[in-house]
Amino acid sequence: ICFMEMGVSFKLSYYNEYKSYLRMAAVRHQVKFYYDILSPYSWLAFEVLCRYQKPWSLDLQLRPTNLGKVMAESGNKPPGMNPFKASLMSRDLQRAADMVNLPYKPLSNFAESLFIRGSVPTLKALAACQTTHPDLMEEFTRQCWLGLYSRDVDITDEGNIRDFAAAAGIPDVDRLVELSRGPEARQQLIDNTTEAIASKCFGAPWYTVTNPSTGRTEKFFGQDRVEMLGFILGKKYEGVSPPS
């Protein structure tokens, strides 16, 4: 009887551990990703995080954010404004893009694209997509980055925004563009940016996740922090292109 009781106890213990494992496996970790299409390093982090969505059970919440507002509020400056950083940035971006296997090409007129044209119309279109087609946010975001940092087109041009949306499979492009001009998209962009600033964001990419062990919010800055995110979640990092 003693051995039988021990066997039952062992089986119950094993069963409880197995149930705990299943619960952990079913957990999806919500990662809020704050980005501006003007930030090429955000594109790098975005693509790697997208590749880890299934292996790490990530619920990737994309938050288009006005980086100019973030910089102004935090007192930070774009890395290109520092001549020492600027001297490295072009080569560093090319190496990083090659490593992640992205078709990155330097902008023909960096100052005009970033400081004159900006990205606000594009961000508003993304904010409109966030509320109307959240399932298409990933591909719409990707198409915007391909437009700017692979084809060097004006991402604020309405015709180009329409092309990005169509390439992403958005069924009602006219409606999306109309919404992007309205107060709802503007407010969504403001809300995203305010949320980022409230979390002490000072640049992009910026992403947050709840630590499953402590319950505290963990914050990450930079395209090279995905491995650290995995460490916090207890997940195995397998490079920029994990096995599918």
# chains A, B, ... in the order shown; residues from 1 in each chain; ligands from 1
$ select_by_dssp --residues "range 44-173 of chain A" --states "alpha helix (DSSP H)" --output "count of residues only"
73
$ residues_around --residues "Ile190 in chain A" --least-positions-apart "6" --cutoff "10 Å" --atoms "only C-alpha atoms" --output "VMD selection string"
chain A and resid 64 to 66 69 124 127 184 196
$ write_last_selection --atoms "N, CA, C and O atoms" --output "CSV table (one decimal), in the first residue's frame"
chain,number,residue,atom,x,y,z
A,64,PRO,N,3.0,53.0,-33.5
A,64,PRO,CA,3.6,54.1,-34.2
A,64,PRO,C,3.7,55.3,-33.3
A,64,PRO,O,2.7,55.7,-32.7
A,65,THR,N,4.9,55.9,-33.3
A,65,THR,CA,5.1,57.0,-32.3
A,65,THR,C,5.9,58.1,-33.0
A,65,THR,O,6.8,57.9,-33.8
A,66,ASN,N,5.5,59.3,-32.6
A,66,ASN,CA,6.2,60.5,-33.1
A,66,ASN,C,7.5,60.7,-32.4
A,66,ASN,O,7.6,61.2,-31.3
A,69,LYS,N,8.6,64.2,-31.1
A,69,LYS,CA,8.0,64.6,-29.8
A,69,LYS,C,8.7,63.9,-28.7
A,69,LYS,O,9.0,64.5,-27.6
A,124,LYS,N,0.2,58.7,-39.1
A,124,LYS,CA,-1.2,58.8,-38.9
A,124,LYS,C,-1.9,57.7,-39.7
A,124,LYS,O,-2.9,57.1,-39.2
A,127,ALA,N,-1.5,54.7,-37.6
A,127,ALA,CA,-2.4,54.8,-36.4
A,127,ALA,C,-3.8,54.5,-36.8
A,127,ALA,O,-4.5,53.8,-36.0
A,184,GLU,N,-9.5,60.9,-35.2
A,184,GLU,CA,-9.3,59.7,-34.5
A,184,GLU,C,-7.8,59.2,-34.7
A,184,GLU,O,-7.2,58.8,-33.7
A,196,ALA,N,4.4,56.2,-24.7
A,196,ALA,CA,5.8,56.0,-24.8
A,196,ALA,C,6.6,56.9,-23.8
A,196,ALA,O,7.5,56.5,-23.1
$ residues_around --residues "Glu158 in chain A" --least-positions-apart "2" --cutoff "9 Å" --atoms "only C-alpha atoms" --output "ChimeraX atom specification"
/A:121-122,155-156,160-163,177
$ closest_residue --among "A:Thr141, A:Asn101, A:Ser213, A:Asn82" --to "Phe46 in chain A" --atoms "only C-alpha atoms"
A:Thr141
$ residues_around --residues "Pro103 in chain A" --least-positions-apart "3" --cutoff "9 Å" --atoms "only C-alpha atoms" --output "ChimeraX atom specification"
/A:97-98,146,149-150
$ closest_residue --among "A:Trp206, A:His29, A:Gln188, A:Ala86" --to "Pro55 in chain A" --atoms "only C-alpha atoms"
A:His29
$ atom_distance --atom1 "CA of Asp59 in chain A" --atom2 "CA of Val27 in chain A"
9.6 Å
$ residues_around --residues "range 164-176 of chain A" --least-positions-apart "3" --cutoff "7 Å" --atoms "only C-alpha atoms" --output "list in words"
Ala125, Ala128, Cys129, Leu136, Glu139, Phe140, Gln143, Cys144, Asn160, Ile161, Leu179 and Ser180 of chain A
$ write_last_selection --atoms "all heavy atoms" --output "compact mmCIF listing (two decimals), in the first residue's frame"
# COMPACT_ATOMS: atom_id res chain seq x y z
N ALA A 125 -1.41 57.35 -40.85
CA ALA A 125 -1.98 56.22 -41.60
C ALA A 125 -1.78 54.92 -40.83
O ALA A 125 -2.69 54.06 -40.78
CB ALA A 125 -1.34 56.14 -42.98
N ALA A 128 -4.23 54.87 -38.02
CA ALA A 128 -5.56 54.50 -38.52
C ALA A 128 -5.64 52.99 -38.71
O ALA A 128 -6.66 52.36 -38.39
CB ALA A 128 -5.84 55.23 -39.83
N CYS A 129 -4.58 52.40 -39.22
CA CYS A 129 -4.53 50.94 -39.40
C CYS A 129 -4.56 50.23 -38.05
O CYS A 129 -5.17 49.17 -37.91
CB CYS A 129 -3.27 50.57 -40.19
SG CYS A 129 -3.13 48.81 -40.56
N LEU A 136 -3.14 43.71 -39.85
CA LEU A 136 -2.31 44.07 -41.01
C LEU A 136 -1.24 45.09 -40.66
O LEU A 136 -0.52 45.56 -41.55
CB LEU A 136 -3.20 44.60 -42.14
CG LEU A 136 -4.23 43.61 -42.70
CD1 LEU A 136 -5.11 44.27 -43.74
CD2 LEU A 136 -3.51 42.39 -43.30
N GLU A 139 2.54 44.08 -41.70
CA GLU A 139 2.92 44.20 -43.11
C GLU A 139 2.86 45.64 -43.60
O GLU A 139 3.71 46.05 -44.41
CB GLU A 139 2.04 43.31 -43.98
CG GLU A 139 2.54 43.17 -45.41
CD GLU A 139 3.97 42.66 -45.50
OE1 GLU A 139 4.38 41.83 -44.65
OE2 GLU A 139 4.69 43.08 -46.43
N PHE A 140 1.92 46.42 -43.11
CA PHE A 140 1.85 47.83 -43.49
C PHE A 140 3.10 48.56 -43.00
O PHE A 140 3.71 49.35 -43.73
CB PHE A 140 0.58 48.46 -42.91
CG PHE A 140 0.30 49.85 -43.40
CD1 PHE A 140 0.80 50.33 -44.61
CD2 PHE A 140 -0.51 50.71 -42.66
CE1 PHE A 140 0.53 51.63 -45.05
CE2 PHE A 140 -0.80 51.99 -43.09
CZ PHE A 140 -0.28 52.46 -44.29
N GLN A 143 6.06 47.60 -45.21
CA GLN A 143 6.02 48.24 -46.51
C GLN A 143 6.46 49.71 -46.43
O GLN A 143 7.12 50.22 -47.35
CB GLN A 143 4.61 48.14 -47.11
CG GLN A 143 4.20 46.73 -47.51
CD GLN A 143 5.13 46.12 -48.55
OE1 GLN A 143 5.62 46.80 -49.45
NE2 GLN A 143 5.38 44.82 -48.42
N CYS A 144 6.12 50.37 -45.35
CA CYS A 144 6.57 51.76 -45.15
C CYS A 144 8.09 51.82 -45.04
O CYS A 144 8.73 52.70 -45.63
CB CYS A 144 5.91 52.36 -43.91
SG CYS A 144 4.13 52.62 -44.04
N ASN A 160 2.19 57.33 -52.37
CA ASN A 160 3.06 56.27 -51.85
C ASN A 160 2.44 55.56 -50.65
O ASN A 160 2.57 54.33 -50.51
CB ASN A 160 4.43 56.87 -51.48
CG ASN A 160 5.23 57.27 -52.70
OD1 ASN A 160 5.11 56.66 -53.77
ND2 ASN A 160 6.07 58.29 -52.55
N ILE A 161 1.78 56.32 -49.78
CA ILE A 161 1.11 55.70 -48.63
C ILE A 161 0.04 54.73 -49.11
O ILE A 161 -0.12 53.63 -48.57
CB ILE A 161 0.50 56.78 -47.71
CG1 ILE A 161 1.62 57.59 -47.03
CG2 ILE A 161 -0.40 56.14 -46.65
CD1 ILE A 161 1.13 58.77 -46.22
N LEU A 179 -9.39 58.19 -43.02
CA LEU A 179 -9.29 58.14 -41.56
C LEU A 179 -7.98 58.77 -41.07
O LEU A 179 -7.94 59.38 -40.00
CB LEU A 179 -9.39 56.70 -41.07
CG LEU A 179 -10.76 56.04 -41.15
CD1 LEU A 179 -10.66 54.56 -40.81
CD2 LEU A 179 -11.75 56.73 -40.22
N SER A 180 -6.92 58.60 -41.85
CA SER A 180 -5.61 59.12 -41.44
C SER A 180 -5.61 60.65 -41.37
O SER A 180 -4.76 61.24 -40.70
CB SER A 180 -4.52 58.64 -42.40
OG SER A 180 -4.60 59.30 -43.64
$ closest_residue --among "A:Glu218, A:Glu238, A:Asp152, A:Asp36" --to "Leu126 in chain A" --atoms "only C-alpha atoms"
A:Asp36
$ closest_residue --among "A:Pro212, A:Ala185, A:Lys77, A:Leu38" --to "Thr132 in chain A" --atoms "only C-alpha atoms"
A:Ala185
$ decode --residues "range 170-209 of chain A" --atoms "N, CA and C atoms" --output "short mmCIF file (atom, residue, chain, number, x, y, z; two decimals), in the first residue's frame"
data_model
loop_
_atom_site.label_atom_id
_atom_site.label_comp_id
_atom_site.auth_asym_id
_atom_site.auth_seq_id
_atom_site.Cartn_x
_atom_site.Cartn_y
_atom_site.Cartn_z
N ILE A 170 -4.34 45.81 -47.33
CA ILE A 170 -5.45 46.53 -46.71
C ILE A 170 -6.58 46.67 -47.74
N PRO A 171 -7.76 46.18 -47.43
CA PRO A 171 -8.82 46.11 -48.45
C PRO A 171 -9.46 47.44 -48.81
N ASP A 172 -9.48 48.38 -47.88
CA ASP A 172 -10.17 49.65 -48.11
C ASP A 172 -9.19 50.81 -47.96
N VAL A 173 -8.31 50.94 -48.93
CA VAL A 173 -7.24 51.94 -48.87
C VAL A 173 -7.80 53.36 -48.81
N ASP A 174 -8.84 53.64 -49.60
CA ASP A 174 -9.43 54.97 -49.59
C ASP A 174 -9.93 55.34 -48.20
N ARG A 175 -10.59 54.39 -47.56
CA ARG A 175 -11.11 54.63 -46.21
C ARG A 175 -9.97 54.85 -45.22
N LEU A 176 -8.90 54.09 -45.35
CA LEU A 176 -7.76 54.25 -44.46
C LEU A 176 -7.15 55.64 -44.60
N VAL A 177 -6.96 56.08 -45.83
CA VAL A 177 -6.37 57.40 -46.07
C VAL A 177 -7.29 58.49 -45.52
N GLU A 178 -8.59 58.31 -45.72
CA GLU A 178 -9.55 59.28 -45.18
C GLU A 178 -9.46 59.35 -43.66
N LEU A 179 -9.39 58.19 -43.02
CA LEU A 179 -9.29 58.14 -41.56
C LEU A 179 -7.98 58.77 -41.07
N SER A 180 -6.92 58.60 -41.85
CA SER A 180 -5.61 59.12 -41.44
C SER A 180 -5.61 60.65 -41.37
N ARG A 181 -6.54 61.28 -42.06
CA ARG A 181 -6.63 62.74 -42.04
C ARG A 181 -7.51 63.25 -40.90
N GLY A 182 -8.20 62.33 -40.24
CA GLY A 182 -9.19 62.72 -39.24
C GLY A 182 -8.67 62.77 -37.82
N PRO A 183 -9.54 63.17 -36.90
CA PRO A 183 -9.14 63.34 -35.49
C PRO A 183 -8.83 62.04 -34.77
N GLU A 184 -9.47 60.93 -35.20
CA GLU A 184 -9.25 59.66 -34.49
C GLU A 184 -7.82 59.17 -34.66
N ALA A 185 -7.31 59.22 -35.89
CA ALA A 185 -5.94 58.77 -36.14
C ALA A 185 -4.94 59.70 -35.44
N ARG A 186 -5.22 60.99 -35.52
CA ARG A 186 -4.35 61.96 -34.84
C ARG A 186 -4.29 61.67 -33.34
N GLN A 187 -5.45 61.40 -32.74
CA GLN A 187 -5.49 61.13 -31.30
C GLN A 187 -4.80 59.81 -30.97
N GLN A 188 -4.95 58.81 -31.83
CA GLN A 188 -4.28 57.53 -31.59
C GLN A 188 -2.77 57.71 -31.59
N LEU A 189 -2.26 58.51 -32.53
CA LEU A 189 -0.82 58.78 -32.59
C LEU A 189 -0.38 59.52 -31.34
N ILE A 190 -1.18 60.49 -30.90
CA ILE A 190 -0.86 61.22 -29.67
C ILE A 190 -0.85 60.27 -28.49
N ASP A 191 -1.84 59.38 -28.42
CA ASP A 191 -1.93 58.43 -27.30
C ASP A 191 -0.71 57.51 -27.28
N ASN A 192 -0.31 57.01 -28.45
CA ASN A 192 0.86 56.15 -28.52
C ASN A 192 2.10 56.87 -28.02
N THR A 193 2.26 58.11 -28.49
CA THR A 193 3.45 58.90 -28.14
C THR A 193 3.44 59.24 -26.65
N THR A 194 2.28 59.60 -26.13
CA THR A 194 2.16 59.92 -24.70
C THR A 194 2.48 58.70 -23.85
N GLU A 195 1.99 57.54 -24.29
CA GLU A 195 2.26 56.28 -23.57
C GLU A 195 3.76 55.98 -23.56
N ALA A 196 4.40 56.20 -24.70
CA ALA A 196 5.84 55.96 -24.77
C ALA A 196 6.60 56.89 -23.82
N ILE A 197 6.25 58.17 -23.86
CA ILE A 197 6.93 59.16 -23.00
C ILE A 197 6.69 58.84 -21.53
N ALA A 198 5.48 58.39 -21.20
CA ALA A 198 5.17 58.04 -19.81
C ALA A 198 6.04 56.89 -19.31
N SER A 199 6.49 56.04 -20.24
CA SER A 199 7.35 54.92 -19.86
C SER A 199 8.83 55.31 -19.86
N LYS A 200 9.10 56.63 -20.03
CA LYS A 200 10.46 57.20 -20.04
C LYS A 200 11.22 56.88 -21.33
N CYS A 201 10.48 56.71 -22.41
CA CYS A 201 11.10 56.50 -23.72
C CYS A 201 11.92 57.72 -24.11
N PHE A 202 13.11 57.48 -24.67
CA PHE A 202 13.95 58.59 -25.11
C PHE A 202 14.43 58.43 -26.55
N GLY A 203 13.94 57.38 -27.23
CA GLY A 203 14.36 57.15 -28.61
C GLY A 203 13.66 55.92 -29.17
N ALA A 204 14.09 55.51 -30.34
CA ALA A 204 13.47 54.34 -30.98
C ALA A 204 14.55 53.47 -31.62
N PRO A 205 14.35 52.15 -31.57
CA PRO A 205 13.17 51.45 -31.07
C PRO A 205 13.13 51.37 -29.55
N TRP A 206 11.92 51.37 -29.02
CA TRP A 206 11.68 51.26 -27.59
C TRP A 206 10.60 50.20 -27.40
N TYR A 207 10.85 49.23 -26.53
CA TYR A 207 9.84 48.20 -26.33
C TYR A 207 9.79 47.78 -24.87
N THR A 208 8.59 47.40 -24.45
CA THR A 208 8.36 47.04 -23.06
C THR A 208 7.66 45.69 -22.98
N VAL A 209 7.88 45.00 -21.87
CA VAL A 209 7.24 43.71 -21.63
C VAL A 209 7.13 43.51 -20.12
#
